[in-house]
Amino acid sequence: MAPPEAAAAQSAPPGPPSPPPAPGAVLEAVGVSKRFPGVVALDDVSFTLRQGEIHALVGENGAGKSTLIKLLTGVYRPDDGELRLAGEPGAFHHPHEAQRAGISTIYQEVNLVPLMSVARNIFLGREPKNRFGLIDFPRMHRETAELLGGFGITADPRRPLHTLGIGTQQMVALARAVSVQARVVVMDEPTSSLEPREVETLFRVIGELHERGISILYVSHRMDELYRICDRVTVLRDGRLVHSGDLADTDRVRLVSLMLGREIAEVRRHGATSFGEGHTADRQPVLTASGLTRRHQLQDIALELHPGEVLGLGGLLGSGRSETAKALSGALPLDGGEISVGGRALRRLTPSAAIRAGISMLPEDRKAEGIVPGLSVRENIVLAAMPRLSRAGIVSRQKQDRIVEIFMKRLRIKAAGPEQKVGELSGGNQQKVLLARWLCLEPKVLLLDEPTRGIDVGAKAEVQSLIDDLAGEGLAVLLISSDIEELVEGADRIVVLRAGAVAGELTGDDVEENALLAVLAETGDSDDGDSHSDFGDSTDDAGEAPEAEAEAAAGPQDAAPGPLTKTTAPDAPPESAAGTGTGTAAAPAPPADGEPQSTPDTPGGAGSATAKEDPR
Amino acid sequence: MTAAPYSLPRGIDRPRVADWLQRYGVYAAVAALLIFNWIFTDHFMTTDNLRTQLVQVSPVVIVALGMALVIGTEGVDLSVGSTMALASSVLPLYLGYGLLPSLLVALLAGILVGLVNGSLVALVGLQPIVATLALFVGGRGLALVIADGQLKQIENQNLLDLGTNSVIGIPIVVLIAGVLALLVAFLVQRTTFGRQLVAIGGNRAAATLAGLPVKRVLIGVYVLCGVLASLAGVLATARLTASDPSSLGNLMELSAITAVVVGGTPLTGGSVRVLGTVFGALLMQLLHATLVTHNLHDSTAQMVQAGIILVAVYVARERRSR
């Protein structure tokens with residue numbers, strides 16, 4: 001996207017601070033709905049992406065974020081409602097059409113061609129030709145180097161893409177997005193696999209895009225990042241729009257409670273869920289884990305589980321909850337760490353070793369990792385216990401039928417009979433079948449990852465009281481739930497994770513919603529630098545900042561209130577030290593950003609006018 | 001089989017029809033073919049002819065049984081034809097020691113092929129179609145090297161008897177195929193190995209999380225497939241009265257896959273239909289014989305077979321999309 005446009009967008013400075021949604025909107029969804037068999041993924045959601053803004057899209061699992069992104073980028077088409085591109089109604093029938101209209105998407109996993117060179121990836125499909133009609137490699141490499149140089153990336157354009165770090169690959173994807181004249185860049189959790197340094201580079205590139213007047217839709221679960229770079233925020237929950245507005249007006253605790261659907265004041269102990277009173281846990285832990293570490297996912301996690309207790313594992317999406325449960329059950333290879341059950345360390349961390357040691361895990365994704373849909377209820381229940389119910393490798397139907405009967409009764413599994421296929425059951429009954437699979441192993445430790453997600457109210461209550469009973473019988477239970485109420489009422493103790501590390505623990509009377517929300521909303525920086533707190537404080541950040549600023553100024557006139565104001569605070573280079581503080585002291589920074597932000601947005605006419613002359 | 005689902009009138013539940021076809025279609029088709037021939041073809045429903053048909057189809061059945069197991073795990077084994085050639089090529093080298101030792105060596109060749117295939121799939125993590133492609137090409141090459149590129153006449157009477165003799169009026173070859181079908185059915189239905197195999201094919205992630213010995217089972221399945229293929233190679237050699245590694249088992253992988261698919265085992269794994277596989281092989285054999293006796297050219301027969309495969313795959317898809 002050329003300088004003139006950015007200039008047009010930015011050089012008409014002050015204006016009314018909050019324009020009506022329609023003008024200045026680059027991309028809009030008006031009352032869109034999307035249904036899949038059995039689920040309403042999006043229900044009457046309206047969303048506006050304004051010219052030149054960085055817009056955060058947040059929500060827990062199943063909130064509908066990815067569905068909305070896929071609607072906006074032409075992967076899906078809405079069942080109801082319409083999309084507007086620069087104010088004009090339009091629909092994309094195919095992702096290509098969205099791309100041609102200037103909407104680029106950068107997924108978590110880079111979607112480029114790994115074996116081709118950096119330059120070929122950037123120019124894929126529009127390679128410069130020499131007079132013989134062949135690819136003009138020297139020119140392509142030169143232009144690539146210039147393009148990447150503009151973002152402060154020094155990668156050899158001739159290198160195959162896959163030899164670069166994942167962060168640099170993402171920059172290349174971004175560079176390609178920019179060079180194809182994108183007006184809108186959609187980023188789906190771009191930082192989830194990046195090192196802190198790479199995150200800095202990414203933010204600098206985002207800043208560049210921002211200055212060119214490109215709108216960015218930014219999906220992330222990392223609060224720190226959102227408050228650092230985003231102007232506005234849209235919160236989805238259960239497929240509905242729950243909030244949309246300036247990020248500066250929404251503090252962290254409020255944002256978290258919007259995402260989770262819990263009001264801070266509203267605390268009901270033993271209200272709607274079916275959990276009883278707390279349990280008296282044994283002193284001696286049955287499971288001890290220490291130093292669980294896996295690159296990008298878990299950092300030195302330590303946990304103890306006692307017989308007869310329900311330990312809640314809290315944290316926002318992407319905090320490493322499921323990964324922790326998987327690690328404990330041997331399903332996630334670790335870079336380091338030790339797990340012992342009943343005082344004996346597991347030597348090999350595989351699912352079968354964990355099961356032998358008495359650890360059972362109910363996985364989060366029932367369909368993908370739980371049920372075998374084509375097999376019967378009976379066979380699904382005895383799947384893990386089959387060797388124990390067989391003699392000399394020959395299955396004993398009597399033994400199986402006995403176990404299956406006991407558990408179908410105990411868990412009240414509603415099926416036509418033990419021979420009905422599990423794929424034909426309701427979600428709640430499928431979940432009960434899986435619980436039966438794990439309980440018939442008579443485990444010492446039961447790890448439950450979102451045991452009540454996506455199941456009907458009745459089954460949910462049954463599962464909750466079952467968890468209670470099991471702990472009462474002396475089982476150690478680890479409970480993961482995005483439902484704050486369920487977590488608080490079900491757990492005797494809660495360990496909160498953030499960015500793959502333990503961020504806090506709630507015990508006794510602190511096991512209540514306010515305290516949990518407070519820990520969830522805390523910034524990663526406050527507890528002196530465990531996670532990626534090395535945000536603003538590295539020397540190269542300070543060094544790079546002015547340089548980028550200078551480049552920016554050289555480009556479009558009047559580009560002063562650039563994105564870097566966000567990292568470094570309004571008044572530019574020397575202040576970069578202050579950037580360190582922005583994470584913690586979220587209060588002063590965002591309002592300061594708010595103003596320069598609304599400036600480029602306001603001249604809606606300019607924005608949409610340029611948008612019209614721009615495509616292809 | 002003839003009632004193509006797309007020509008059904010409105011109001012009929014297509015998935016249910018597809019379900020029925022996948023379950024019983026192959027039996028109905030075999031029955032229909034037999035009835036057709038009984039009425040319209042002279043000298044078809046005679047003991048002699050049916051015997052010949054069964055003898056001819058037996059090697060395919062044996063190979064298809066192993067293939068059904070592999071397909072049940074969401075895999076495929078392209079190397080079965082080459083395995084037959086390999087088993088056939090080592091056979092004459094050890095016939096001097098008697099039938100049993102040479103038979104064991106031939107089966108050992110099948111075990112080795114299965115170990116290589118299974119390891120590539122289970123341990124290295126290659127896609128089955130790629131992993132078994134290596135020995136599809138290499139196996140026959142090795143067989144030709146072992147046989148020095150030559151066809152060798154078999155003179156060992158015991159081995160020849162295996163191909164031609166009968167017990168209580170049933171050819172030994174047919175008897176072996178029948179017994180193996182029963183054994184494989186028992187393996188699939190009643191043993192932990194069989195049930196684990198089906199579960200792994202149905203949802204590998206779930207099977208892994210449930211602590212199933214996924215790698216061991218996968219390797220075991222490919223070894224079984226290799227052993228069955230090598231046995232089929234031995235029997236085919238005995239019937240040919242010669243070891244001919246350059247042509248023995250050519251296109252056998254396709255015949256076996258066809259039998260499995262037509263028999264109602266989905267290529268997506270999670271189900272093994274043993275009896276269906278036997279009838280699938282039988283159907284293709286009878287179809288071919290019928291068309292040829294009615295003076296249709298070989299190539300026409302192949303096109304009809306192709307049509308049947310398409311119907312089988314369509315039915316499987318229609319059923320899944322329920």
# chains A, B, ... in the order shown; residues from 1 in each chain; ligands from 1

call {"tool": "select_by_dssp", "arguments": {"residues": "stretch 46-257 of chain A", "states": "strand (DSSP E)", "output": "VMD selection string"}}
result
chain A and resid 46 to 50 54 to 58 80 to 85 88 to 90 103 to 106 184 to 188 215 to 219 232 to 237 240 to 246

call {"tool": "residues_around", "arguments": {"residues": "A:Leu112", "least_positions_apart": "4", "cutoff": "9 Å", "atoms": "only C-alpha atoms", "output": "PDB file with all heavy atoms, in the first residue's frame"}}
result
ATOM      1  N   MET A 116      10.492 -23.283  -0.647  1.00  0.00           N
ATOM      2  CA  MET A 116      10.886 -22.240  -1.596  1.00  0.00           C
ATOM      3  C   MET A 116      11.650 -21.146  -0.871  1.00  0.00           C
ATOM      4  O   MET A 116      11.554 -20.994   0.340  1.00  0.00           O
ATOM      5  CB  MET A 116       9.649 -21.640  -2.238  1.00  0.00           C
ATOM      6  CG  MET A 116       9.039 -22.503  -3.309  1.00  0.00           C
ATOM      7  SD  MET A 116       7.831 -21.517  -4.199  1.00  0.00           S
ATOM      8  CE  MET A 116       7.370 -22.651  -5.465  1.00  0.00           C
ATOM      9  N   ASN A 121       8.667 -16.909  -2.066  1.00  0.00           N
ATOM     10  CA  ASN A 121       7.444 -16.882  -1.274  1.00  0.00           C
ATOM     11  C   ASN A 121       6.785 -15.514  -1.337  1.00  0.00           C
ATOM     12  O   ASN A 121       5.571 -15.411  -1.462  1.00  0.00           O
ATOM     13  CB  ASN A 121       7.748 -17.239   0.173  1.00  0.00           C
ATOM     14  CG  ASN A 121       7.566 -18.708   0.443  1.00  0.00           C
ATOM     15  OD1 ASN A 121       6.458 -19.213   0.377  1.00  0.00           O
ATOM     16  ND2 ASN A 121       8.660 -19.410   0.690  1.00  0.00           N
ATOM     17  N   ILE A 122       7.597 -14.490  -1.242  1.00  0.00           N
ATOM     18  CA  ILE A 122       7.014 -13.148  -1.234  1.00  0.00           C
ATOM     19  C   ILE A 122       6.396 -12.808  -2.578  1.00  0.00           C
ATOM     20  O   ILE A 122       5.346 -12.180  -2.665  1.00  0.00           O
ATOM     21  CB  ILE A 122       8.083 -12.119  -0.805  1.00  0.00           C
ATOM     22  CG1 ILE A 122       8.280 -12.247   0.706  1.00  0.00           C
ATOM     23  CG2 ILE A 122       7.673 -10.704  -1.198  1.00  0.00           C
ATOM     24  CD1 ILE A 122       9.217 -11.282   1.299  1.00  0.00           C
ATOM     25  N   LEU A 161      12.665 -20.959   2.942  1.00  0.00           N
ATOM     26  CA  LEU A 161      11.917 -20.378   4.047  1.00  0.00           C
ATOM     27  C   LEU A 161      12.033 -21.215   5.324  1.00  0.00           C
ATOM     28  O   LEU A 161      12.155 -20.686   6.419  1.00  0.00           O
ATOM     29  CB  LEU A 161      10.444 -20.242   3.648  1.00  0.00           C
ATOM     30  CG  LEU A 161       9.586 -19.507   4.659  1.00  0.00           C
ATOM     31  CD1 LEU A 161       9.903 -18.026   4.607  1.00  0.00           C
ATOM     32  CD2 LEU A 161       8.124 -19.732   4.390  1.00  0.00           C
ATOM     33  N   GLN A 169       9.785 -16.360   9.755  1.00  0.00           N
ATOM     34  CA  GLN A 169       8.838 -16.820   8.739  1.00  0.00           C
ATOM     35  C   GLN A 169       7.554 -16.003   8.803  1.00  0.00           C
ATOM     36  O   GLN A 169       6.974 -15.647   7.782  1.00  0.00           O
ATOM     37  CB  GLN A 169       8.500 -18.296   8.958  1.00  0.00           C
ATOM     38  CG  GLN A 169       9.639 -19.219   8.653  1.00  0.00           C
ATOM     39  CD  GLN A 169       9.192 -20.677   8.661  1.00  0.00           C
ATOM     40  OE1 GLN A 169       8.071 -20.999   8.328  1.00  0.00           O
ATOM     41  NE2 GLN A 169      10.087 -21.566   9.033  1.00  0.00           N
ATOM     42  N   VAL A 172       8.034 -12.782   7.185  1.00  0.00           N
ATOM     43  CA  VAL A 172       7.985 -12.908   5.731  1.00  0.00           C
ATOM     44  C   VAL A 172       6.524 -12.945   5.271  1.00  0.00           C
ATOM     45  O   VAL A 172       6.150 -12.289   4.297  1.00  0.00           O
ATOM     46  CB  VAL A 172       8.745 -14.171   5.268  1.00  0.00           C
ATOM     47  CG1 VAL A 172       8.529 -14.424   3.787  1.00  0.00           C
ATOM     48  CG2 VAL A 172      10.224 -14.024   5.564  1.00  0.00           C
ATOM     49  N   ALA A 173       5.718 -13.678   6.013  1.00  0.00           N
ATOM     50  CA  ALA A 173       4.294 -13.726   5.680  1.00  0.00           C
ATOM     51  C   ALA A 173       3.687 -12.332   5.753  1.00  0.00           C
ATOM     52  O   ALA A 173       2.901 -11.928   4.884  1.00  0.00           O
ATOM     53  CB  ALA A 173       3.561 -14.672   6.639  1.00  0.00           C
TER      54      ALA A 173
END

call {"tool": "closest_atom_pairs", "arguments": {"of": "chain A", "to": "chain B", "cutoff": "6 Å", "atoms": "only C-alpha atoms", "output": "JSON lines"}}
result
{"residue": "A:Pro351", "atom": "CA", "partner": "B:Gly211", "partner_atom": "CA", "distance": 4.9}
{"residue": "A:Ser352", "atom": "CA", "partner": "B:Gly211", "partner_atom": "CA", "distance": 3.9}
{"residue": "A:Glu369", "atom": "CA", "partner": "B:Ala206", "partner_atom": "CA", "distance": 4.2}
{"residue": "A:Gly370", "atom": "CA", "partner": "B:Ala206", "partner_atom": "CA", "distance": 4.9}
{"residue": "A:Val372", "atom": "CA", "partner": "B:Asn203", "partner_atom": "CA", "distance": 5.3}
{"residue": "A:Ala384", "atom": "CA", "partner": "B:Ala210", "partner_atom": "CA", "distance": 5.0}
{"residue": "A:Gly393", "atom": "CA", "partner": "B:Thr192", "partner_atom": "CA", "distance": 5.4}
{"residue": "A:Ile394", "atom": "CA", "partner": "B:Thr191", "partner_atom": "CA", "distance": 4.2}
{"residue": "A:Val395", "atom": "CA", "partner": "B:Thr191", "partner_atom": "CA", "distance": 5.1}

call {"tool": "write_last_selection", "arguments": {"atoms": "all heavy atoms", "output": "mmCIF file, in the first residue's frame"}}
result
data_model
loop_
_atom_site.group_PDB
_atom_site.id
_atom_site.type_symbol
_atom_site.label_atom_id
_atom_site.label_comp_id
_atom_site.auth_asym_id
_atom_site.auth_seq_id
_atom_site.Cartn_x
_atom_site.Cartn_y
_atom_site.Cartn_z
ATOM 1 N N PRO A 351 1.604 -42.327 27.715
ATOM 2 C CA PRO A 351 0.265 -42.549 28.249
ATOM 3 C C PRO A 351 0.126 -43.906 28.938
ATOM 4 O O PRO A 351 -0.476 -44.002 29.999
ATOM 5 C CB PRO A 351 -0.624 -42.470 27.004
ATOM 6 C CG PRO A 351 0.110 -41.577 26.079
ATOM 7 C CD PRO A 351 1.564 -41.871 26.323
ATOM 8 N N SER A 352 0.721 -44.950 28.357
ATOM 9 C CA SER A 352 0.511 -46.253 28.973
ATOM 10 C C SER A 352 1.231 -46.344 30.314
ATOM 11 O O SER A 352 0.727 -46.959 31.253
ATOM 12 C CB SER A 352 0.926 -47.388 28.026
ATOM 13 O OG SER A 352 2.217 -47.179 27.547
ATOM 14 N N GLU A 369 -10.034 -36.776 20.492
ATOM 15 C CA GLU A 369 -9.097 -37.545 21.302
ATOM 16 C C GLU A 369 -9.777 -38.525 22.246
ATOM 17 O O GLU A 369 -9.108 -39.227 22.981
ATOM 18 C CB GLU A 369 -8.224 -36.586 22.128
ATOM 19 C CG GLU A 369 -7.485 -35.590 21.268
ATOM 20 C CD GLU A 369 -6.528 -34.761 22.082
ATOM 21 O OE1 GLU A 369 -6.940 -34.277 23.162
ATOM 22 O OE2 GLU A 369 -5.378 -34.603 21.665
ATOM 23 N N GLY A 370 -11.094 -38.518 22.254
ATOM 24 C CA GLY A 370 -11.790 -39.350 23.230
ATOM 25 C C GLY A 370 -12.468 -40.550 22.617
ATOM 26 O O GLY A 370 -11.947 -41.662 22.631
ATOM 27 N N VAL A 372 -14.151 -43.354 20.144
ATOM 28 C CA VAL A 372 -13.954 -44.019 18.858
ATOM 29 C C VAL A 372 -15.371 -44.204 18.325
ATOM 30 O O VAL A 372 -16.076 -45.128 18.714
ATOM 31 C CB VAL A 372 -13.253 -45.373 19.028
ATOM 32 C CG1 VAL A 372 -12.948 -45.981 17.674
ATOM 33 C CG2 VAL A 372 -11.990 -45.232 19.842
ATOM 34 N N ALA A 384 -9.411 -48.882 27.336
ATOM 35 C CA ALA A 384 -8.128 -48.820 28.042
ATOM 36 C C ALA A 384 -7.928 -50.023 28.945
ATOM 37 O O ALA A 384 -6.801 -50.405 29.245
ATOM 38 C CB ALA A 384 -8.041 -47.528 28.847
ATOM 39 N N GLY A 393 -4.774 -62.860 25.669
ATOM 40 C CA GLY A 393 -5.030 -62.076 24.464
ATOM 41 C C GLY A 393 -6.411 -62.277 23.884
ATOM 42 O O GLY A 393 -6.732 -61.728 22.844
ATOM 43 N N ILE A 394 -7.233 -63.089 24.555
ATOM 44 C CA ILE A 394 -8.592 -63.297 24.050
ATOM 45 C C ILE A 394 -9.580 -62.583 24.961
ATOM 46 O O ILE A 394 -9.540 -62.717 26.185
ATOM 47 C CB ILE A 394 -8.918 -64.803 23.949
ATOM 48 C CG1 ILE A 394 -8.004 -65.411 22.863
ATOM 49 C CG2 ILE A 394 -10.380 -65.023 23.593
ATOM 50 C CD1 ILE A 394 -8.065 -66.892 22.779
ATOM 51 N N VAL A 395 -10.410 -61.774 24.316
ATOM 52 C CA VAL A 395 -11.317 -60.914 25.045
ATOM 53 C C VAL A 395 -12.369 -61.735 25.785
ATOM 54 O O VAL A 395 -12.940 -62.666 25.228
ATOM 55 C CB VAL A 395 -12.017 -59.972 24.046
ATOM 56 C CG1 VAL A 395 -13.097 -59.185 24.731
ATOM 57 C CG2 VAL A 395 -11.001 -59.065 23.392
#

call {"tool": "residues_around", "arguments": {"residues": "stretch 213-221 of chain A", "least_positions_apart": "3", "cutoff": "8 Å", "atoms": "only C-alpha atoms", "output": "PyMOL selection string"}}
result
chain A and resi 5-6+9-10+26+49-59+182-191+209-210+225-226+230+316-318+600

call {"tool": "closest_residue", "arguments": {"among": "B:Val214, B:Leu180, B:Met67, B:Leu78", "to": "B:Gly125", "atoms": "only C-alpha atoms"}}
result
B:Val214
